[in-house]
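Asks: So that you have it, the file is start_37.cif, and it contains mmCIF, C-alpha atoms:
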```
data_upload
#
loop_
_atom_site.group_PDB
_atom_site.id
_atom_site.type_symbol
_atom_site.label_atom_id
_atom_site.label_comp_id
_atom_site.auth_asym_id
_atom_site.auth_seq_id
_atom_site.Cartn_x
_atom_site.Cartn_y
_atom_site.Cartn_z
ATOM 1 C CA MET A 55 16.919 2.631 19.488
ATOM 2 C CA THR A 56 17.770 1.654 23.051
ATOM 3 C CA GLN A 57 14.812 1.017 25.289
ATOM 4 C CA ASN A 58 14.658 3.159 28.413
ATOM 5 C CA PRO A 59 13.154 1.846 31.675
ATOM 6 C CA SER A 60 9.907 3.856 31.297
ATOM 7 C CA GLU A 61 9.230 2.102 27.972
ATOM 8 C CA ARG A 62 9.401 -1.451 29.337
ATOM 9 C CA GLY A 63 6.083 -3.230 29.023
ATOM 10 C CA ARG A 64 4.779 -0.699 26.479
ATOM 11 C CA ILE A 65 6.418 -2.081 23.362
ATOM 12 C CA PRO A 66 4.688 -5.064 21.739
ATOM 13 C CA PRO A 67 6.764 -7.950 20.357
ATOM 14 C CA GLY A 68 8.406 -7.219 17.017
ATOM 15 C CA GLN A 69 8.172 -3.432 17.415
ATOM 16 C CA THR A 70 10.931 -0.776 17.503
ATOM 17 C CA VAL A 71 10.412 2.653 19.057
ATOM 18 C CA THR A 72 10.815 5.647 16.747
ATOM 19 C CA ARG A 73 10.711 9.392 17.352
ATOM 20 C CA SER A 74 9.734 10.087 13.732
ATOM 21 C CA PHE A 75 6.144 9.626 12.631
ATOM 22 C CA PRO A 76 6.113 7.760 9.294
ATOM 23 C CA VAL A 77 3.168 8.549 7.034
ATOM 24 C CA TYR A 78 1.297 5.976 4.956
ATOM 25 C CA SER A 79 -1.648 6.555 2.653
ATOM 26 C CA PHE A 80 -3.025 4.414 -0.120
ATOM 27 C CA SER A 81 -4.341 7.395 -2.099
ATOM 28 C CA GLY A 82 -2.301 10.459 -1.165
ATOM 29 C CA ASN A 83 -3.276 13.200 1.239
ATOM 30 C CA MET A 84 -6.774 14.638 1.423
ATOM 31 C CA ASP A 85 -7.390 18.380 1.590
ATOM 32 C CA ILE A 86 -10.536 18.886 3.693
ATOM 33 C CA THR A 87 -11.550 21.963 5.660
ATOM 34 C CA THR A 88 -13.601 21.830 8.838
ATOM 35 C CA ASP A 89 -16.368 23.696 6.956
ATOM 36 C CA GLN A 90 -16.509 20.860 4.384
ATOM 37 C CA TRP A 91 -16.208 18.047 6.907
ATOM 38 C CA SER A 92 -19.062 16.148 8.559
ATOM 39 C CA LEU A 93 -19.338 12.864 10.414
ATOM 40 C CA SER A 94 -22.119 10.434 9.476
ATOM 41 C CA ILE A 95 -23.165 7.758 11.972
ATOM 42 C CA TRP A 96 -25.503 5.026 10.759
ATOM 43 C CA GLY A 97 -26.342 1.342 10.744
ATOM 44 C CA LEU A 98 -27.427 -0.453 13.894
ATOM 45 C CA VAL A 99 -27.917 2.725 15.926
ATOM 46 C CA ALA A 100 -30.901 4.375 17.585
ATOM 47 C CA ARG A 101 -30.943 7.133 14.956
ATOM 48 C CA ASP A 102 -28.803 7.952 11.940
ATOM 49 C CA THR A 103 -26.904 11.174 12.621
ATOM 50 C CA VAL A 104 -24.769 13.640 10.694
ATOM 51 C CA LEU A 105 -22.585 15.983 12.753
ATOM 52 C CA SER A 106 -21.078 19.259 11.579
ATOM 53 C CA TRP A 107 -17.663 20.284 12.904
ATOM 54 C CA ASP A 108 -19.199 22.412 15.661
ATOM 55 C CA GLN A 109 -21.641 19.662 16.669
ATOM 56 C CA PHE A 110 -18.749 17.197 16.768
ATOM 57 C CA LEU A 111 -16.674 19.457 19.038
ATOM 58 C CA ALA A 112 -19.693 20.001 21.308
ATOM 59 C CA LEU A 113 -19.546 16.290 22.262
ATOM 60 C CA GLY A 114 -16.693 17.222 24.603
ATOM 61 C CA PRO A 115 -13.022 16.680 23.786
ATOM 62 C CA VAL A 116 -10.539 14.878 26.011
ATOM 63 C CA THR A 117 -6.748 14.738 25.941
ATOM 64 C CA ASP A 118 -4.925 11.477 26.575
ATOM 65 C CA THR A 119 -1.343 10.234 26.330
ATOM 66 C CA LEU A 120 -1.354 7.175 24.078
ATOM 67 C CA ASP A 121 1.041 4.806 22.340
ATOM 68 C CA PHE A 122 0.781 4.071 18.616
ATOM 69 C CA HIS A 123 1.929 0.815 16.982
ATOM 70 C CA CYS A 124 2.281 0.303 13.226
ATOM 71 C CA VAL A 125 1.907 -3.122 11.636
ATOM 72 C CA THR A 126 5.180 -2.476 9.772
ATOM 73 C CA GLY A 127 7.096 -2.715 13.067
ATOM 74 C CA TRP A 128 7.504 0.769 14.530
ATOM 75 C CA SER A 129 5.937 2.267 17.654
ATOM 76 C CA ARG A 130 5.616 5.800 19.004
ATOM 77 C CA LEU A 131 5.222 6.130 22.736
ATOM 78 C CA GLY A 132 3.547 8.856 24.751
ATOM 79 C CA ASP A 133 1.940 11.092 22.149
ATOM 80 C CA SER A 134 -0.655 13.541 23.429
ATOM 81 C CA TRP A 135 -3.905 13.220 21.447
ATOM 82 C CA THR A 136 -7.002 15.397 21.811
ATOM 83 C CA GLY A 137 -10.346 14.398 20.368
ATOM 84 C CA ILE A 138 -13.828 13.148 21.007
ATOM 85 C CA PRO A 139 -13.761 9.898 22.998
ATOM 86 C CA SER A 140 -15.552 6.876 21.594
ATOM 87 C CA SER A 141 -17.717 6.875 24.735
ATOM 88 C CA ALA A 142 -19.288 10.184 23.599
ATOM 89 C CA ILE A 143 -19.935 8.761 20.130
ATOM 90 C CA LEU A 144 -21.503 5.633 21.627
ATOM 91 C CA ALA A 145 -23.704 7.695 23.971
ATOM 92 C CA LEU A 146 -24.984 9.652 20.966
ATOM 93 C CA ALA A 147 -25.349 6.677 18.601
ATOM 94 C CA ARG A 148 -26.793 4.188 21.120
ATOM 95 C CA PRO A 149 -25.850 1.065 19.120
ATOM 96 C CA ASP A 150 -28.304 -1.809 18.954
ATOM 97 C CA SER A 151 -27.488 -4.902 21.006
ATOM 98 C CA THR A 152 -26.862 -6.785 17.740
ATOM 99 C CA ALA A 153 -23.989 -4.458 16.702
ATOM 100 C CA VAL A 154 -20.578 -6.159 16.963
ATOM 101 C CA SER A 155 -18.375 -3.966 14.770
ATOM 102 C CA VAL A 156 -17.861 -0.431 13.502
ATOM 103 C CA MET A 157 -16.813 0.092 9.884
ATOM 104 C CA ILE A 158 -14.776 3.274 9.685
ATOM 105 C CA HIS A 159 -15.304 5.205 6.432
ATOM 106 C CA CYS A 160 -12.781 7.797 5.260
ATOM 107 C CA ALA A 161 -12.897 10.660 2.760
ATOM 108 C CA ASP A 162 -10.354 8.944 0.480
ATOM 109 C CA GLY A 163 -12.401 5.720 0.241
ATOM 110 C CA TYR A 164 -10.379 3.856 2.871
ATOM 111 C CA THR A 165 -12.303 1.623 5.276
ATOM 112 C CA THR A 166 -11.339 -0.440 8.295
ATOM 113 C CA ASN A 167 -13.341 -2.546 10.718
ATOM 114 C CA VAL A 168 -13.000 -2.123 14.462
ATOM 115 C CA PRO A 169 -14.721 -4.649 16.728
ATOM 116 C CA LEU A 170 -17.182 -2.835 18.979
ATOM 117 C CA ARG A 171 -15.428 -4.274 22.053
ATOM 118 C CA ASP A 172 -12.264 -2.429 20.930
ATOM 119 C CA PHE A 173 -14.071 0.757 19.874
ATOM 120 C CA GLU A 174 -15.521 0.947 23.412
ATOM 121 C CA GLN A 175 -12.092 0.892 25.115
ATOM 122 C CA GLU A 176 -10.721 3.839 27.058
ATOM 123 C CA GLY A 177 -8.293 5.890 24.967
ATOM 124 C CA VAL A 178 -10.112 5.310 21.671
ATOM 125 C CA MET A 179 -10.992 8.657 20.149
ATOM 126 C CA LEU A 180 -11.683 10.632 17.014
ATOM 127 C CA ALA A 181 -8.644 12.892 17.301
ATOM 128 C CA TYR A 182 -8.010 16.291 15.769
ATOM 129 C CA ILE A 183 -4.979 17.477 17.784
ATOM 130 C CA LEU A 184 -1.614 15.723 18.110
ATOM 131 C CA ASP A 185 0.931 16.962 20.650
ATOM 132 C CA GLY A 186 -0.867 20.296 21.040
ATOM 133 C CA GLU A 187 -1.160 21.088 17.317
ATOM 134 C CA PRO A 188 -4.011 20.453 14.868
ATOM 135 C CA LEU A 189 -3.425 17.312 12.824
ATOM 136 C CA THR A 190 -1.556 17.902 9.601
ATOM 137 C CA ARG A 191 -3.094 16.770 6.311
ATOM 138 C CA GLU A 192 -0.582 13.910 6.239
ATOM 139 C CA HIS A 193 -1.859 12.649 9.597
ATOM 140 C CA GLY A 194 -5.553 12.905 8.753
ATOM 141 C CA PHE A 195 -6.737 16.495 9.268
ATOM 142 C CA PRO A 196 -9.367 17.224 10.289
ATOM 143 C CA VAL A 197 -10.138 13.924 12.106
ATOM 144 C CA ARG A 198 -8.508 10.531 12.493
ATOM 145 C CA LEU A 199 -9.460 7.589 14.637
ATOM 146 C CA VAL A 200 -6.944 6.526 17.282
ATOM 147 C CA VAL A 201 -7.249 2.944 18.559
ATOM 148 C CA PRO A 202 -4.100 2.603 20.686
ATOM 149 C CA GLN A 203 -4.554 -1.084 21.538
ATOM 150 C CA LEU A 204 -4.632 -2.159 17.854
ATOM 151 C CA TYR A 205 -2.230 -1.751 14.943
ATOM 152 C CA ALA A 206 -2.365 1.686 13.327
ATOM 153 C CA TYR A 207 -4.123 0.552 10.147
ATOM 154 C CA LYS A 208 -7.199 0.634 12.414
ATOM 155 C CA SER A 209 -6.416 4.282 13.304
ATOM 156 C CA ALA A 210 -7.849 5.551 10.036
ATOM 157 C CA LYS A 211 -7.259 9.076 8.714
ATOM 158 C CA TRP A 212 -9.805 11.570 7.296
ATOM 159 C CA VAL A 213 -12.712 9.830 9.055
ATOM 160 C CA VAL A 214 -16.149 10.847 7.751
ATOM 161 C CA GLY A 215 -18.372 7.895 8.711
ATOM 162 C CA LEU A 216 -19.035 5.285 11.372
ATOM 163 C CA GLU A 217 -21.238 2.369 10.333
ATOM 164 C CA PHE A 218 -22.382 0.009 13.088
ATOM 165 C CA LEU A 219 -22.680 -3.574 11.815
ATOM 166 C CA ALA A 220 -23.969 -6.961 12.983
ATOM 167 C CA GLU A 221 -20.852 -8.695 11.630
ATOM 168 C CA ASP A 222 -17.144 -7.962 11.557
ATOM 169 C CA SER A 223 -16.701 -7.285 7.837
ATOM 170 C CA PRO A 224 -13.229 -6.626 6.412
ATOM 171 C CA GLY A 225 -12.143 -3.135 5.395
ATOM 172 C CA PHE A 226 -9.525 -2.093 2.813
ATOM 173 C CA TRP A 227 -6.373 -3.742 4.222
ATOM 174 C CA GLU A 228 -8.313 -6.598 5.811
ATOM 175 C CA GLN A 229 -9.562 -7.566 2.333
ATOM 176 C CA ARG A 230 -5.921 -7.677 1.259
ATOM 177 C CA GLY A 231 -4.696 -10.092 3.935
ATOM 178 C CA TYR A 232 -4.286 -8.014 7.082
ATOM 179 C CA SER A 233 -5.872 -9.348 10.250
ATOM 180 C CA LEU A 234 -9.492 -8.486 10.997
ATOM 181 C CA HIS A 235 -8.448 -7.690 14.576
ATOM 182 C CA GLY A 236 -4.831 -6.446 14.487
ATOM 183 C CA ASP A 237 -3.649 -6.937 18.073
ATOM 184 C CA PRO A 238 0.026 -5.872 18.335
ATOM 185 C CA TRP A 239 0.542 -7.758 21.609
ATOM 186 C CA THR A 240 -0.078 -11.091 19.852
ATOM 187 C CA GLU A 241 1.571 -9.947 16.573
ATOM 188 C CA ASP A 242 -1.787 -10.458 14.869
ATOM 189 C CA ARG A 243 -0.690 -8.830 11.621
ATOM 190 C CA TYR A 244 -2.133 -11.046 8.905
ATOM 191 C CA SER A 245 -5.100 -13.340 8.375
ATOM 192 C CA PRO A 246 -4.286 -17.051 8.409
#
```
How would this structure read if it were set down as structure tokens?
Replies:
Amino acid sequence: MTQNPSERGRIPPGQTVTRSFPVYSFSGNMDITTDQWSLSIWGLVARDTVLSWDQFLALGPVTDTLDFHCVTGWSRLGDSWTGIPSSAILALARPDSTAVSVMIHCADGYTTNVPLRDFEQEGVMLAYILDGEPLTREHGFPVRLVVPQLYAYKSAKWVVGLEFLAEDSPGFWEQRGYSLHGDPWTEDRYSP
């Protein structure tokens, strides 16, 4: 696809812009209702917490236009995501000063680590709306993490838990050779 002038500087090396939204899942799609869903927050936090759907929404959603970069080489630019910003989660959780990473736990058993310094960045959110519509099952309904500055394997689907850790432990793909960090701007795809 030809790059237009508004896209310059937004496409990391080795990436190609796509209008489609490819779907990857290691275990198939999950079928979870908002009545069944909850978010557990634990580990190095002031107090372990479990949020219902309504309690989660009460944290205050935001809408942001974000880019999305997959480790397989495609990028989507300018999607509108709505969700709870990581800043609201951090204000609730109050992580201990020894916390350096957040392990993301998903309903299908998937996990991924996100360094706390990345989780704290503007634009990071637990999203439930994409381009004005609720997420589809294929894209993680009811909630997926969006970490726009890292490869999309960090933007886990069907998120049900956030575990704050004192070390940056590998999640599912990281245990299988993907980078612990996953920075698309340095093409940090795989562990050395």
Asks: Could you pull out every residue with an atom within 12 Å of (-7.3, -7.4, 13.1), file coordinates, counting only C-alpha atoms, and send them as a ChimeraX atom specification?
Replies: /A:125,155,166-169,172,201,203-209,222-246
Asks: So which residues get picked by the PyMOL selection byres ((chain A and resi 199) around 7) here, written as number ranges by chain?
Replies: A: 179-181, 197-198, 200-201, 209-211, 213
Asks: Return as number ranges by chain the set of residues that the PyMOL selection byres ((chain A and resi 216) around 12) yields on the displayed structure.
Replies: A: 92-99, 102-105, 140, 143-144, 147, 149, 155-161, 165-168, 170, 173, 180, 198-199, 210, 212-215, 217-219
Asks: Would you write out, as an NGL selection string, every residue that the PyMOL selection byres ((chain A and resi 127) around 8) captures in this file?
Replies: :A and (68-70 or 123-126 or 128-129)
Asks: Report as a ChimeraX atom specification all protein, DNA and RNA residues lying within 9 Å of segment 72-83 of chain A, evaluated on only C-alpha atoms, omitting residues in the same chain fewer than 6 positions from it.
Replies: /A:55,128-131,162-164,191-194,211
Asks: Report, in Å with one decimal, the straight-line distance from atom CA of Leu120 of chain A to atom CA of Thr87 of chain A.
Replies: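 Spanning atom CA of Leu120 of chain A to atom CA of Thr87 of chain A is a straight-line distance of 25.7 Å.
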Asks: Mind pulling up the distance from atom CA of Thr119 of chain A to atom CA of Asp133 of chain A?
Replies: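 Going from atom CA of Asp133 of chain A over to atom CA of Thr119 of chain A covers 5.4 Å.
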Asks: Neighbours of segment 107-111 of chain A within 7 Å (all atoms listed in the file; same-chain residues fewer than 3 positions away dropped), as JSON, numbers by chain?
Replies: {"A": [88, 89, 91, 92, 114, 115]}
Asks: Can you work out the spacing between atom CA of Val178 of chain A and atom CA of Val154 of chain A in Å, to one decimal?
Replies: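 Computed distance, atom CA of Val178 of chain A to atom CA of Val154 of chain A, equals 16.2 Å.
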Asks: Using the file's own x, y and z axes, so that the box edges lie along x, y and z, what centre and edge lengths in Å (one decimal) does a box around every listed atom of segment 86-104 of chain A get when 6 Å is added on each side? Give it as JSON.
Replies:
```
{"center_x": -20.7, "center_y": 11.6, "center_z": 10.6, "size_x": 32.4, "size_y": 36.1, "size_z": 25.9}
```
Asks: Identify which of the residues A:Val71, A:Val116, A:Leu189, A:Ala153 lies closest to Arg171 of chain A, counting all atoms listed in the file when measuring atom-to-atom distances.
Replies: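 Going through A:Val71, A:Val116, A:Leu189, A:Ala153 one by one, the smallest distance to Arg171 of chain A is for A:Ala153.
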Asks: So which residues touch Ser134 of chain A within 8 Å, counting all atoms listed in the file, skipping near sequence neighbours fewer than 4 positions away, as a PyMOL selection string?
Replies: chain A and resi 117-120+184-186
Asks: Would you pull segment 188-237 of chain A out of the block just shown and save N, CA and C atoms as a short mmCIF file (atom, residue, chain, number, x, y, z; two decimals), in the first residue's frame?
Replies:
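part-v2.cif, written as the output of this step:
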```cif
data_model
loop_
_atom_site.label_atom_id
_atom_site.label_comp_id
_atom_site.auth_asym_id
_atom_site.auth_seq_id
_atom_site.Cartn_x
_atom_site.Cartn_y
_atom_site.Cartn_z
N PRO A 188 -18.75 -1.83 19.99
CA PRO A 188 -18.16 -2.74 20.97
C PRO A 188 -17.21 -3.71 20.27
N LEU A 189 -16.15 -4.08 20.95
CA LEU A 189 -15.23 -5.08 20.40
C LEU A 189 -16.01 -6.32 19.98
N THR A 190 -15.58 -6.94 18.92
CA THR A 190 -16.13 -8.24 18.55
C THR A 190 -15.41 -9.31 19.38
N ARG A 191 -15.98 -10.50 19.42
CA ARG A 191 -15.32 -11.62 20.11
C ARG A 191 -13.91 -11.82 19.57
N GLU A 192 -13.76 -11.74 18.25
CA GLU A 192 -12.48 -11.98 17.60
C GLU A 192 -11.41 -10.98 18.05
N HIS A 193 -11.84 -9.79 18.44
CA HIS A 193 -10.90 -8.75 18.85
C HIS A 193 -10.85 -8.57 20.37
N GLY A 194 -11.44 -9.52 21.11
CA GLY A 194 -11.23 -9.54 22.55
C GLY A 194 -12.39 -9.13 23.43
N PHE A 195 -13.62 -9.05 22.90
CA PHE A 195 -14.76 -8.67 23.73
C PHE A 195 -14.80 -9.54 24.99
N PRO A 196 -14.99 -8.96 26.17
CA PRO A 196 -15.38 -7.57 26.36
C PRO A 196 -14.23 -6.57 26.51
N VAL A 197 -13.01 -7.02 26.85
CA VAL A 197 -11.92 -6.07 27.11
C VAL A 197 -10.60 -6.59 26.57
N ARG A 198 -9.88 -5.71 25.89
CA ARG A 198 -8.51 -6.02 25.48
C ARG A 198 -7.61 -4.87 25.91
N LEU A 199 -6.38 -5.18 26.15
CA LEU A 199 -5.37 -4.16 26.42
C LEU A 199 -4.91 -3.59 25.08
N VAL A 200 -4.67 -2.29 25.04
CA VAL A 200 -4.06 -1.65 23.88
C VAL A 200 -2.82 -0.91 24.37
N VAL A 201 -1.66 -1.34 23.85
CA VAL A 201 -0.38 -0.72 24.17
C VAL A 201 0.21 -0.25 22.84
N PRO A 202 -0.16 0.95 22.39
CA PRO A 202 0.16 1.34 21.01
C PRO A 202 1.65 1.45 20.70
N GLN A 203 2.49 1.67 21.71
CA GLN A 203 3.92 1.84 21.46
C GLN A 203 4.68 0.52 21.39
N LEU A 204 4.00 -0.61 21.63
CA LEU A 204 4.63 -1.93 21.56
C LEU A 204 3.92 -2.79 20.52
N TYR A 205 4.59 -3.88 20.10
CA TYR A 205 3.95 -4.80 19.18
C TYR A 205 2.65 -5.34 19.78
N ALA A 206 1.73 -5.72 18.91
CA ALA A 206 0.37 -6.08 19.33
C ALA A 206 0.27 -7.35 20.15
N TYR A 207 1.31 -8.19 20.21
CA TYR A 207 1.20 -9.34 21.11
C TYR A 207 1.15 -8.90 22.57
N LYS A 208 1.49 -7.64 22.83
CA LYS A 208 1.33 -7.06 24.17
C LYS A 208 -0.09 -6.56 24.39
N SER A 209 -0.83 -6.32 23.31
CA SER A 209 -2.21 -5.83 23.38
C SER A 209 -3.17 -7.01 23.48
N ALA A 210 -3.09 -7.68 24.61
CA ALA A 210 -3.79 -8.95 24.84
C ALA A 210 -5.30 -8.80 24.80
N LYS A 211 -5.96 -9.88 24.34
CA LYS A 211 -7.42 -9.93 24.26
C LYS A 211 -8.00 -10.68 25.46
N TRP A 212 -9.28 -10.42 25.75
CA TRP A 212 -10.04 -11.08 26.82
C TRP A 212 -9.35 -10.94 28.18
N VAL A 213 -8.89 -9.73 28.47
CA VAL A 213 -8.14 -9.48 29.71
C VAL A 213 -9.03 -9.66 30.93
N VAL A 214 -8.53 -10.43 31.90
CA VAL A 214 -9.27 -10.65 33.16
C VAL A 214 -8.40 -10.40 34.39
N GLY A 215 -7.09 -10.16 34.21
CA GLY A 215 -6.24 -9.96 35.37
C GLY A 215 -5.00 -9.15 35.07
N LEU A 216 -4.60 -8.35 36.06
CA LEU A 216 -3.38 -7.56 36.01
C LEU A 216 -2.59 -7.87 37.28
N GLU A 217 -1.43 -8.47 37.09
CA GLU A 217 -0.58 -8.86 38.22
C GLU A 217 0.69 -8.01 38.20
N PHE A 218 0.88 -7.22 39.25
CA PHE A 218 2.04 -6.33 39.35
C PHE A 218 3.20 -7.10 39.98
N LEU A 219 4.35 -7.09 39.29
CA LEU A 219 5.48 -7.94 39.65
C LEU A 219 6.75 -7.13 39.88
N ALA A 220 7.67 -7.72 40.66
CA ALA A 220 8.97 -7.09 40.93
C ALA A 220 10.00 -7.43 39.87
N GLU A 221 9.64 -8.28 38.91
CA GLU A 221 10.56 -8.63 37.82
C GLU A 221 9.77 -8.71 36.53
N ASP A 222 10.46 -8.62 35.42
CA ASP A 222 9.82 -8.66 34.12
C ASP A 222 9.83 -10.09 33.61
N SER A 223 8.87 -10.89 34.07
CA SER A 223 8.79 -12.30 33.70
C SER A 223 8.15 -12.47 32.34
N PRO A 224 8.56 -13.49 31.58
CA PRO A 224 7.99 -13.68 30.24
C PRO A 224 6.58 -14.25 30.29
N GLY A 225 5.75 -13.81 29.35
CA GLY A 225 4.42 -14.37 29.16
C GLY A 225 4.44 -15.45 28.10
N PHE A 226 3.29 -15.74 27.50
CA PHE A 226 3.13 -16.86 26.57
C PHE A 226 4.11 -16.78 25.39
N TRP A 227 4.04 -15.73 24.57
CA TRP A 227 4.91 -15.63 23.40
C TRP A 227 6.34 -15.34 23.79
N GLU A 228 6.54 -14.62 24.87
CA GLU A 228 7.90 -14.31 25.33
C GLU A 228 8.64 -15.59 25.73
N GLN A 229 7.92 -16.56 26.27
CA GLN A 229 8.53 -17.86 26.60
C GLN A 229 8.89 -18.65 25.36
N ARG A 230 8.33 -18.25 24.23
CA ARG A 230 8.54 -18.96 22.97
C ARG A 230 9.43 -18.18 22.01
N GLY A 231 10.19 -17.22 22.53
CA GLY A 231 11.20 -16.54 21.73
C GLY A 231 10.92 -15.11 21.33
N TYR A 232 9.70 -14.62 21.59
CA TYR A 232 9.43 -13.21 21.29
C TYR A 232 10.10 -12.33 22.34
N SER A 233 10.37 -11.10 21.96
CA SER A 233 11.06 -10.17 22.86
C SER A 233 10.25 -9.89 24.11
N LEU A 234 10.94 -9.73 25.23
CA LEU A 234 10.28 -9.32 26.47
C LEU A 234 9.68 -7.93 26.33
N HIS A 235 10.30 -7.07 25.51
CA HIS A 235 9.83 -5.69 25.40
C HIS A 235 8.94 -5.48 24.18
N GLY A 236 9.41 -5.78 22.97
CA GLY A 236 8.58 -5.69 21.78
C GLY A 236 8.39 -4.29 21.23
N ASP A 237 9.48 -3.54 21.09
CA ASP A 237 9.41 -2.17 20.58
C ASP A 237 9.46 -2.20 19.04
#
```
